[in-house]
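As stored in upload-v4.pdb (PDB, C-alpha atoms and all ligand atoms):
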ATOM      1  CA  MET O   1      18.492   9.442 -16.350  1.00  0.00           C
ATOM      2  CA  LYS O   2      14.901   9.884 -15.364  1.00  0.00           C
ATOM      3  CA  THR O   3      14.399  12.455 -12.666  1.00  0.00           C
ATOM      4  CA  THR O   4      10.932  12.997 -11.325  1.00  0.00           C
ATOM      5  CA  LEU O   5      10.211  16.011  -9.175  1.00  0.00           C
ATOM      6  CA  VAL O   6       6.962  16.697  -7.470  1.00  0.00           C
ATOM      7  CA  VAL O   7       7.009  19.794  -5.318  1.00  0.00           C
ATOM      8  CA  ALA O   8       4.425  19.572  -2.579  1.00  0.00           C
ATOM      9  CA  ALA O   9       2.089  22.382  -1.642  1.00  0.00           C
ATOM     10  CA  SER O  10       3.973  25.369  -0.362  1.00  0.00           C
ATOM     11  CA  LEU O  11       2.727  24.966   3.188  1.00  0.00           C
ATOM     12  CA  ALA O  12       3.858  21.361   3.475  1.00  0.00           C
ATOM     13  CA  SER O  13       6.991  20.790   5.490  1.00  0.00           C
ATOM     14  CA  TRP O  14       8.123  17.873   3.313  1.00  0.00           C
ATOM     15  CA  LEU O  15       8.855  17.709  -0.366  1.00  0.00           C
ATOM     16  CA  VAL O  16       7.872  14.620  -2.296  1.00  0.00           C
ATOM     17  CA  VAL O  17      10.629  13.460  -4.619  1.00  0.00           C
ATOM     18  CA  SER O  18      10.621  10.553  -7.027  1.00  0.00           C
ATOM     19  CA  ALA O  19       7.204   9.018  -6.570  1.00  0.00           C
ATOM     20  CA  SER O  20       7.773   5.546  -7.984  1.00  0.00           C
ATOM     21  CA  GLY O  21       4.356   5.512  -9.592  1.00  0.00           C
ATOM     22  CA  GLN O  22       3.698   1.901  -8.636  1.00  0.00           C
ATOM     23  CA  SER O  23       0.672   1.537  -6.411  1.00  0.00           C
ATOM     24  CA  LEU O  24       0.873  -1.260  -3.822  1.00  0.00           C
ATOM     25  CA  THR O  25      -1.939  -2.958  -1.904  1.00  0.00           C
ATOM     26  CA  TRP O  26      -1.378  -4.579   1.465  1.00  0.00           C
ATOM     27  CA  ASN O  27      -4.024  -7.239   2.035  1.00  0.00           C
ATOM     28  CA  LEU O  28      -4.762  -7.311   5.787  1.00  0.00           C
ATOM     29  CA  THR O  29      -7.081 -10.328   5.874  1.00  0.00           C
ATOM     30  CA  GLY O  30      -6.148 -13.626   7.467  1.00  0.00           C
ATOM     31  CA  SER O  31      -6.988 -16.057  10.231  1.00  0.00           C
ATOM     32  CA  ALA O  32      -4.807 -15.095  13.215  1.00  0.00           C
ATOM     33  CA  GLY O  33      -7.968 -14.454  15.295  1.00  0.00           C
ATOM     34  CA  SER O  34      -7.875 -12.537  18.560  1.00  0.00           C
ATOM     35  CA  GLY O  35      -4.664 -10.793  19.575  1.00  0.00           C
ATOM     36  CA  ALA O  36      -3.038  -9.784  22.863  1.00  0.00           C
ATOM     37  CA  TYR O  37      -2.701  -6.258  24.242  1.00  0.00           C
ATOM     38  CA  GLY O  38       0.178  -4.490  22.532  1.00  0.00           C
ATOM     39  CA  ASN O  39       0.642  -7.074  19.748  1.00  0.00           C
ATOM     40  CA  SER O  40       1.421  -6.175  16.148  1.00  0.00           C
ATOM     41  CA  LEU O  41       1.068  -7.643  12.664  1.00  0.00           C
ATOM     42  CA  THR O  42       3.393  -6.755   9.789  1.00  0.00           C
ATOM     43  CA  PHE O  43       2.561  -6.956   6.093  1.00  0.00           C
ATOM     44  CA  ALA O  44       5.105  -6.799   3.249  1.00  0.00           C
ATOM     45  CA  GLN O  45       4.532  -5.882  -0.377  1.00  0.00           C
ATOM     46  CA  SER O  46       7.362  -5.357  -2.900  1.00  0.00           C
ATOM     47  CA  GLY O  47       9.824  -4.663  -0.096  1.00  0.00           C
ATOM     48  CA  VAL O  48       7.668  -2.068   1.652  1.00  0.00           C
ATOM     49  CA  THR O  49       6.358  -3.162   5.046  1.00  0.00           C
ATOM     50  CA  VAL O  50       3.385  -1.936   7.038  1.00  0.00           C
ATOM     51  CA  LYS O  51       3.307  -2.599  10.767  1.00  0.00           C
ATOM     52  CA  ALA O  52      -0.155  -2.465  12.337  1.00  0.00           C
ATOM     53  CA  THR O  53      -0.901  -1.990  16.044  1.00  0.00           C
ATOM     54  CA  ALA O  54      -4.184  -1.505  17.928  1.00  0.00           C
ATOM     55  CA  TRP O  55      -5.154   1.352  20.236  1.00  0.00           C
ATOM     56  CA  GLY O  56      -8.199   2.229  22.299  1.00  0.00           C
ATOM     57  CA  TYR O  57      -9.104   5.476  24.019  1.00  0.00           C
ATOM     58  CA  THR O  58      -9.285   3.703  27.348  1.00  0.00           C
ATOM     59  CA  TYR O  59      -6.295   5.067  29.251  1.00  0.00           C
ATOM     60  CA  GLY O  60      -6.750   5.890  32.934  1.00  0.00           C
ATOM     61  CA  SER O  61      -9.837   5.708  35.096  1.00  0.00           C
ATOM     62  CA  SER O  62     -11.670   8.245  32.921  1.00  0.00           C
ATOM     63  CA  ASP O  63     -10.677   6.900  29.473  1.00  0.00           C
ATOM     64  CA  ASN O  64      -8.943  10.122  28.511  1.00  0.00           C
ATOM     65  CA  ALA O  65      -6.015   8.968  26.349  1.00  0.00           C
ATOM     66  CA  LEU O  66      -4.822   6.210  24.043  1.00  0.00           C
ATOM     67  CA  GLU O  67      -3.819   2.825  25.413  1.00  0.00           C
ATOM     68  CA  THR O  68      -2.526  -0.368  23.803  1.00  0.00           C
ATOM     69  CA  ALA O  69      -5.283  -2.707  22.631  1.00  0.00           C
ATOM     70  CA  ALA O  70      -5.376  -6.154  21.007  1.00  0.00           C
ATOM     71  CA  LEU O  71      -5.119  -6.373  17.221  1.00  0.00           C
ATOM     72  CA  GLY O  72      -7.105  -9.272  15.793  1.00  0.00           C
ATOM     73  CA  GLN O  73      -7.229 -10.617  12.240  1.00  0.00           C
ATOM     74  CA  TRP O  74     -10.099 -12.298  10.481  1.00  0.00           C
ATOM     75  CA  SER O  75     -11.317 -13.053   6.955  1.00  0.00           C
ATOM     76  CA  LEU O  76     -12.639  -9.488   6.597  1.00  0.00           C
ATOM     77  CA  GLY O  77      -9.461  -7.908   7.960  1.00  0.00           C
ATOM     78  CA  LEU O  78      -8.128  -6.324  11.145  1.00  0.00           C
ATOM     79  CA  GLY O  79     -10.177  -5.592  14.251  1.00  0.00           C
ATOM     80  CA  VAL O  80      -9.423  -3.915  17.579  1.00  0.00           C
ATOM     81  CA  ALA O  81     -10.378  -5.254  21.011  1.00  0.00           C
ATOM     82  CA  ASN O  82      -9.712  -2.452  23.481  1.00  0.00           C
ATOM     83  CA  ARG O  83      -9.213  -2.924  27.218  1.00  0.00           C
ATOM     84  CA  ASN O  84     -12.826  -2.062  28.026  1.00  0.00           C
ATOM     85  CA  GLU O  85     -13.987  -4.752  25.599  1.00  0.00           C
ATOM     86  CA  GLY O  86     -11.390  -7.376  26.619  1.00  0.00           C
ATOM     87  CA  ALA O  87      -8.664  -8.860  24.421  1.00  0.00           C
ATOM     88  CA  SER O  88     -10.784 -11.836  23.344  1.00  0.00           C
ATOM     89  CA  ALA O  89     -14.003  -9.851  22.810  1.00  0.00           C
ATOM     90  CA  GLY O  90     -16.474 -11.397  20.358  1.00  0.00           C
ATOM     91  CA  ALA O  91     -18.685  -9.840  17.664  1.00  0.00           C
ATOM     92  CA  PRO O  92     -19.324  -7.037  17.151  1.00  0.00           C
ATOM     93  CA  GLN O  93     -16.921  -5.443  19.674  1.00  0.00           C
ATOM     94  CA  HIS O  94     -13.814  -7.102  18.251  1.00  0.00           C
ATOM     95  CA  GLN O  95     -14.239  -4.908  15.178  1.00  0.00           C
ATOM     96  CA  VAL O  96     -12.875  -1.385  14.938  1.00  0.00           C
ATOM     97  CA  ASP O  97     -15.676   0.590  16.576  1.00  0.00           C
ATOM     98  CA  ASN O  98     -16.690   3.630  18.611  1.00  0.00           C
ATOM     99  CA  SER O  99     -19.268   1.987  20.849  1.00  0.00           C
ATOM    100  CA  GLY O 100     -17.929   3.201  24.173  1.00  0.00           C
ATOM    101  CA  ALA O 101     -14.217   3.888  23.672  1.00  0.00           C
ATOM    102  CA  ASP O 102     -12.776   4.830  20.260  1.00  0.00           C
ATOM    103  CA  ASP O 103     -10.727   2.136  18.497  1.00  0.00           C
ATOM    104  CA  TRP O 104      -7.778   2.875  16.200  1.00  0.00           C
ATOM    105  CA  VAL O 105      -5.310   0.996  14.039  1.00  0.00           C
ATOM    106  CA  LEU O 106      -1.877   2.624  13.709  1.00  0.00           C
ATOM    107  CA  PHE O 107      -0.186   1.820  10.391  1.00  0.00           C
ATOM    108  CA  GLU O 108       3.566   2.470  10.271  1.00  0.00           C
ATOM    109  CA  PHE O 109       5.015   2.245   6.750  1.00  0.00           C
ATOM    110  CA  SER O 110       8.714   1.524   6.115  1.00  0.00           C
ATOM    111  CA  LYS O 111       8.608   4.129   3.344  1.00  0.00           C
ATOM    112  CA  ALA O 112       6.538   7.263   2.891  1.00  0.00           C
ATOM    113  CA  VAL O 113       3.402   6.820   0.796  1.00  0.00           C
ATOM    114  CA  THR O 114       0.986   8.988  -1.154  1.00  0.00           C
ATOM    115  CA  ASN O 115      -2.324   8.349  -2.932  1.00  0.00           C
ATOM    116  CA  VAL O 116      -3.430   6.196  -0.019  1.00  0.00           C
ATOM    117  CA  SER O 117      -6.822   4.562   0.391  1.00  0.00           C
ATOM    118  CA  VAL O 118      -8.180   2.186   3.022  1.00  0.00           C
ATOM    119  CA  THR O 119     -10.911  -0.395   2.440  1.00  0.00           C
ATOM    120  CA  ILE O 120     -13.125  -1.312   5.391  1.00  0.00           C
ATOM    121  CA  THR O 121     -15.749  -4.043   5.654  1.00  0.00           C
ATOM    122  CA  PRO O 122     -18.367  -4.294   8.416  1.00  0.00           C
ATOM    123  CA  SER O 123     -19.104  -7.732   9.837  1.00  0.00           C
ATOM    124  CA  GLY O 124     -22.869  -7.206   9.779  1.00  0.00           C
ATOM    125  CA  THR O 125     -24.858  -4.155   8.766  1.00  0.00           C
ATOM    126  CA  TYR O 126     -23.478  -1.043  10.452  1.00  0.00           C
ATOM    127  CA  ASP O 127     -22.656   2.601   9.960  1.00  0.00           C
ATOM    128  CA  ARG O 128     -19.216   3.044   8.343  1.00  0.00           C
ATOM    129  CA  ASP O 129     -17.915   6.504   9.298  1.00  0.00           C
ATOM    130  CA  VAL O 130     -14.196   6.872   9.983  1.00  0.00           C
ATOM    131  CA  SER O 131     -11.687   9.330  11.401  1.00  0.00           C
ATOM    132  CA  PHE O 132      -7.995   9.431  10.515  1.00  0.00           C
ATOM    133  CA  MET O 133      -4.770  11.376  11.062  1.00  0.00           C
ATOM    134  CA  THR O 134      -1.446  11.202   9.212  1.00  0.00           C
ATOM    135  CA  ALA O 135       2.149  12.027  10.146  1.00  0.00           C
ATOM    136  CA  PHE O 136       5.687  11.792   8.834  1.00  0.00           C
ATOM    137  CA  ASN O 137       7.943  10.694  11.674  1.00  0.00           C
ATOM    138  CA  SER O 138      11.088   8.617  11.244  1.00  0.00           C
ATOM    139  CA  SER O 139      10.782   6.997  14.699  1.00  0.00           C
ATOM    140  CA  PRO O 140       8.590   4.066  15.774  1.00  0.00           C
ATOM    141  CA  LEU O 141       5.627   5.511  17.672  1.00  0.00           C
ATOM    142  CA  ASN O 142       4.327   4.685  21.135  1.00  0.00           C
ATOM    143  CA  LEU O 143       0.928   6.312  21.648  1.00  0.00           C
ATOM    144  CA  ASN O 144       0.317   4.952  25.139  1.00  0.00           C
ATOM    145  CA  GLY O 145      -1.015   7.654  27.474  1.00  0.00           C
ATOM    146  CA  LEU O 146      -1.312  10.278  24.719  1.00  0.00           C
ATOM    147  CA  SER O 147      -4.477  12.332  24.321  1.00  0.00           C
ATOM    148  CA  TYR O 148      -5.754  13.343  20.891  1.00  0.00           C
ATOM    149  CA  ALA O 149      -4.539  16.886  21.551  1.00  0.00           C
ATOM    150  CA  SER O 150      -0.980  15.714  22.165  1.00  0.00           C
ATOM    151  CA  LEU O 151      -0.649  13.772  18.890  1.00  0.00           C
ATOM    152  CA  SER O 152       0.439  16.937  17.061  1.00  0.00           C
ATOM    153  CA  GLY O 153       3.682  16.640  19.028  1.00  0.00           C
ATOM    154  CA  LEU O 154       4.464  13.492  17.026  1.00  0.00           C
ATOM    155  CA  GLY O 155       3.800  15.277  13.752  1.00  0.00           C
ATOM    156  CA  PHE O 156       0.164  14.296  13.257  1.00  0.00           C
ATOM    157  CA  GLY O 157      -2.019  16.713  11.342  1.00  0.00           C
ATOM    158  CA  SER O 158      -5.621  17.499  12.181  1.00  0.00           C
ATOM    159  CA  LYS O 159      -8.142  14.691  12.480  1.00  0.00           C
ATOM    160  CA  VAL O 160     -10.150  14.157   9.298  1.00  0.00           C
ATOM    161  CA  ASP O 161     -13.648  12.642   9.349  1.00  0.00           C
ATOM    162  CA  SER O 162     -15.069  10.741   6.376  1.00  0.00           C
ATOM    163  CA  SER O 163     -18.706   9.697   6.410  1.00  0.00           C
ATOM    164  CA  GLY O 164     -20.179   6.533   4.962  1.00  0.00           C
ATOM    165  CA  THR O 165     -23.662   5.042   5.153  1.00  0.00           C
ATOM    166  CA  VAL O 166     -25.219   2.107   6.995  1.00  0.00           C
ATOM    167  CA  SER O 167     -24.439  -0.993   4.948  1.00  0.00           C
ATOM    168  CA  SER O 168     -22.915  -4.464   5.006  1.00  0.00           C
ATOM    169  CA  ASN O 169     -20.739  -3.631   1.985  1.00  0.00           C
ATOM    170  CA  SER O 170     -17.072  -2.713   1.891  1.00  0.00           C
ATOM    171  CA  ARG O 171     -16.206   0.972   1.701  1.00  0.00           C
ATOM    172  CA  THR O 172     -12.980   2.488   0.323  1.00  0.00           C
ATOM    173  CA  VAL O 173     -11.836   5.682   2.051  1.00  0.00           C
ATOM    174  CA  SER O 174      -9.415   8.073   0.332  1.00  0.00           C
ATOM    175  CA  ILE O 175      -6.819   9.394   2.770  1.00  0.00           C
ATOM    176  CA  THR O 176      -6.435  13.075   2.021  1.00  0.00           C
ATOM    177  CA  SER O 177      -3.057  14.532   2.990  1.00  0.00           C
ATOM    178  CA  ALA O 178      -1.138  17.610   1.849  1.00  0.00           C
ATOM    179  CA  THR O 179       1.986  15.517   1.379  1.00  0.00           C
ATOM    180  CA  GLY O 180       3.303  11.986   1.784  1.00  0.00           C
ATOM    181  CA  PHE O 181       3.320  10.316   5.201  1.00  0.00           C
ATOM    182  CA  ASN O 182       4.534   7.128   6.883  1.00  0.00           C
ATOM    183  CA  LYS O 183       2.132   6.991   9.840  1.00  0.00           C
ATOM    184  CA  LEU O 184      -1.614   6.570   9.543  1.00  0.00           C
ATOM    185  CA  LEU O 185      -3.894   6.441  12.572  1.00  0.00           C
ATOM    186  CA  PHE O 186      -7.229   5.131  11.295  1.00  0.00           C
ATOM    187  CA  GLY O 187     -10.351   4.453  13.354  1.00  0.00           C
ATOM    188  CA  ALA O 188     -14.096   4.613  13.778  1.00  0.00           C
ATOM    189  CA  LYS O 189     -15.392   8.192  13.718  1.00  0.00           C
ATOM    190  CA  VAL O 190     -14.715  10.032  16.954  1.00  0.00           C
ATOM    191  CA  GLY O 191     -17.794  11.199  18.844  1.00  0.00           C
ATOM    192  CA  GLU O 192     -20.514   8.755  17.770  1.00  0.00           C
ATOM    193  CA  PRO O 193     -20.660   6.259  20.642  1.00  0.00           C
ATOM    194  CA  THR O 194     -24.383   5.437  20.773  1.00  0.00           C
ATOM    195  CA  GLY O 195     -27.320   4.026  18.807  1.00  0.00           C
ATOM    196  CA  SER O 196     -27.321   3.717  15.038  1.00  0.00           C
ATOM    197  CA  ASP O 197     -24.431   6.226  14.819  1.00  0.00           C
ATOM    198  CA  ILE O 198     -22.049   3.562  16.087  1.00  0.00           C
ATOM    199  CA  ASP O 199     -19.569   2.479  13.430  1.00  0.00           C
ATOM    200  CA  TYR O 200     -18.266  -1.081  13.240  1.00  0.00           C
ATOM    201  CA  PHE O 201     -15.878  -2.471  10.634  1.00  0.00           C
ATOM    202  CA  LYS O 202     -12.732  -4.442   9.958  1.00  0.00           C
ATOM    203  CA  VAL O 203      -9.856  -2.941   8.000  1.00  0.00           C
ATOM    204  CA  THR O 204      -9.525  -5.095   4.896  1.00  0.00           C
ATOM    205  CA  SER O 205      -6.691  -3.538   2.897  1.00  0.00           C
ATOM    206  CA  VAL O 206      -4.503  -0.469   2.479  1.00  0.00           C
ATOM    207  CA  THR O 207      -3.333   0.855  -0.893  1.00  0.00           C
ATOM    208  CA  GLY O 208      -0.627   3.468  -1.465  1.00  0.00           C
ATOM    209  CA  THR O 209       2.241   4.610  -3.675  1.00  0.00           C
ATOM    210  CA  PRO O 210       5.713   4.626  -2.079  1.00  0.00           C
ATOM    211  CA  THR O 211       7.588   7.908  -2.376  1.00  0.00           C
ATOM    212  CA  THR O 212      10.770   9.493  -1.133  1.00  0.00           C
ATOM    213  CA  LEU O 213      10.287  12.510   1.104  1.00  0.00           C
ATOM    214  CA  VAL O 214      12.879  15.219   1.587  1.00  0.00           C
ATOM    215  CA  PRO O 215      12.588  17.478   4.635  1.00  0.00           C
ATOM    216  CA  GLU O 216      12.067  21.168   4.199  1.00  0.00           C
ATOM    217  CA  PRO O 217      14.363  22.771   6.805  1.00  0.00           C
ATOM    218  CA  ALA O 218      15.082  26.463   7.305  1.00  0.00           C
ATOM    219  CA  THR O 219      17.155  26.382   4.127  1.00  0.00           C
ATOM    220  CA  ALA O 220      14.311  24.821   2.197  1.00  0.00           C
ATOM    221  CA  GLY O 221      14.315  27.438  -0.507  1.00  0.00           C
ATOM    222  CA  LEU O 222      18.003  26.974  -1.271  1.00  0.00           C
ATOM    223  CA  LEU O 223      17.801  23.183  -1.092  1.00  0.00           C
ATOM    224  CA  GLY O 224      14.722  23.145  -3.297  1.00  0.00           C
ATOM    225  CA  LEU O 225      16.378  25.350  -5.899  1.00  0.00           C
ATOM    226  CA  GLY O 226      19.487  23.170  -5.837  1.00  0.00           C
ATOM    227  CA  VAL O 227      17.503  19.985  -6.384  1.00  0.00           C
ATOM    228  CA  LEU O 228      15.450  21.666  -9.072  1.00  0.00           C
ATOM    229  CA  ALA O 229      18.578  22.887 -10.864  1.00  0.00           C
ATOM    230  CA  LEU O 230      20.073  19.412 -10.683  1.00  0.00           C
ATOM    231  CA  GLY O 231      16.878  17.928 -12.088  1.00  0.00           C
ATOM    232  CA  LEU O 232      16.769  20.407 -14.943  1.00  0.00           C
ATOM    233  CA  ARG O 233      20.408  19.806 -15.786  1.00  0.00           C
ATOM    234  CA  ARG O 234      19.854  16.059 -15.827  1.00  0.00           C
ATOM    235  CA  SER O 235      16.782  16.311 -17.971  1.00  0.00           C
ATOM    236  CA  ARG O 236      18.639  18.510 -20.499  1.00  0.00           C
ATOM    237  CA  ARG O 237      21.367  15.913 -20.754  1.00  0.00           C
ATOM    238  CA  ALA O 238      18.922  13.078 -21.240  1.00  0.00           C
TER
HETATM  239 CA    CA R   1     -13.586  -2.875  19.285  1.00  0.00          CA
HETATM  240 CA    CA R   2     -16.536  -0.846  21.549  1.00  0.00          CA
HETATM  241 CA    CA R   3     -21.364   6.819  12.612  1.00  0.00          CA
END
Could you show the structure in this file as structure tokens?
Ligand SMILES: [Ca+2]
Ligand SMILES: [Ca+2]
Ligand SMILES: [Ca+2]
Amino acid sequence: MKTTLVVAASLASWLVVSASGQSLTWNLTGSAGSGAYGNSLTFAQSGVTVKATAWGYTYGSSDNALETAALGQWSLGLGVANRNEGASAGAPQHQVDNSGADDWVLFEFSKAVTNVSVTITPSGTYDRDVSFMTAFNSSPLNLNGLSYASLSGLGFGSKVDSSGTVSSNSRTVSITSATGFNKLLFGAKVGEPTGSDIDYFKVTSVTGTPTTLVPEPATAGLLGLGVLALGLRRSRRA
């Protein structure tokens, strides 16, 4: 019996067990066109599904929290039309962008993943900086009315920025995370709403390796030792 154990960094609250080793790519391109506020698109690959929804930082009269947006799909991938842009916004605002309000795509995986990367493609020549956050949360998420500060309550870690350059080419972004996750909030870089800093792109594909995560409760040490002992015993028998 093959038992694979990968013990995550000591500070992580989840252990990664039995990474399958098979990397999957979910191709997000298509021809659905503009979406409606609150819609979703789901992509399946080898039995693992990814549900994508769109969010804009447009909530309330002062745009101070996340609100459902319209998820569109084109030949270069997914775009977000937020409520300030209008659900059927045209180019370039129907892309994921930070001109005005921040746009985000929330990816909810049916299984935890590691070694994740996201490929983006601008429709035109634009800056390609991104921000992202990851979480492990076994419930479907509703981000409506939540500020960035309140996302930690759903298990999201700190926002990570990743800078690209101005180009019309695709860019692949590695998603750095201390452990596996099943929620990825991915958008144009927060805080660059004007001029040539503005980032515009569609999200073309997501790649990741499915894993099984085991929680690290108060008894983590004991549980970890037990699993480790079991693994060692099995490997001796093999
Ligand atoms: Ca947009
Ligand atoms: Ca915009
Ligand atoms: Ca930028």
Closest pair table for chain O residues within 7 Å of ligand CA 2 (chain R), all atoms listed in the file, as a Markdown table:
| residue | atom | partner | partner_atom | distance |
| --- | --- | --- | --- | --- |
| O:Glu85 | CA | R:CA2 | CA | 6.2 |
| O:Gln93 | CA | R:CA2 | CA | 5.0 |
| O:Asp97 | CA | R:CA2 | CA | 5.2 |
| O:Asn98 | CA | R:CA2 | CA | 5.4 |
| O:Ser99 | CA | R:CA2 | CA | 4.0 |
| O:Gly100 | CA | R:CA2 | CA | 5.0 |
| O:Ala101 | CA | R:CA2 | CA | 5.7 |
| O:Asp102 | CA | R:CA2 | CA | 6.9 |
Residues within 10 Å of range 181-184 of chain O, only C-alpha atoms, excluding chain neighbours under 3 positions, as a ChimeraX atom specification: /O:14,16,50-52,104-114,116,132-141,154-156,175,177-178,187,210-213
With all atoms listed in the file as the basis for distance, which of O:Thr121, O:Asn27, O:Thr172, O:Thr165 is at the shortest distance from Ala44 in chain O?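 Among O:Thr121, O:Asn27, O:Thr172, O:Thr165, it is O:Asn27 that comes nearest to Ala44 in chain O.
Note that CA of Asn84 in chain O and CA of Asn64 in chain O are 12.8 Å apart.
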Please report, as a Markdown table, each residue of chain O lying at most 6 Å from ligand CA 1 (chain R), together with the nearest pair of atoms and the separation in Å rounded to one decimal; use all atoms listed in the file, and order rows by chain and ascending residue number.
| residue | atom | partner | partner_atom | distance |
| --- | --- | --- | --- | --- |
| O:Val80 | CA | R:CA1 | CA | 4.6 |
| O:Ala81 | CA | R:CA1 | CA | 4.4 |
| O:Asn82 | CA | R:CA1 | CA | 5.7 |
| O:Gln93 | CA | R:CA1 | CA | 4.2 |
| O:His94 | CA | R:CA1 | CA | 4.4 |
| O:Gln95 | CA | R:CA1 | CA | 4.6 |
| O:Val96 | CA | R:CA1 | CA | 4.6 |
| O:Asp97 | CA | R:CA1 | CA | 4.9 |
| O:Asp103 | CA | R:CA1 | CA | 5.8 |
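With distances taken over all atoms listed in the file, O:Ser117 is the one residue among O:Trp55, O:Ser117, O:Ser150, O:Phe43 lying closest to Thr209 in chain O.
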Within 10 Å of ligand CA 3 (chain R), counting only C-alpha atoms and all ligand atoms, residues as a list in words: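 What falls inside 10 Å of ligand CA 3 (chain R) is Asp97, Asn98, Ser99, Tyr126, Asp127, Arg128, Asp129, Val130, Ser162, Ser163, Gly164, Thr165, Val166, Ala188, Lys189, Val190, Gly191, Glu192, Pro193, Thr194, Gly195, Ser196, Asp197, Ile198, Asp199 and Tyr200 of chain O.
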Excluding Glu67 in chain O and residues on its chain fewer than 2 positions from it, collect all residues at most 8 Å away from it, counting all atoms listed in the file, and give them as a PyMOL selection string. chain O and resi 55-59+65+69+143-146
Counting only C-alpha atoms, the option among O:Gly72, O:Gly60, O:Gly208, O:Gly157 closest to Gly90 in chain O: O:Gly72
Which residue out of O:Ala70, O:Ile120, O:Leu41, O:Ala149 has the minimum interatomic distance to Val206 in chain O when only C-alpha atoms are used? O:Ile120
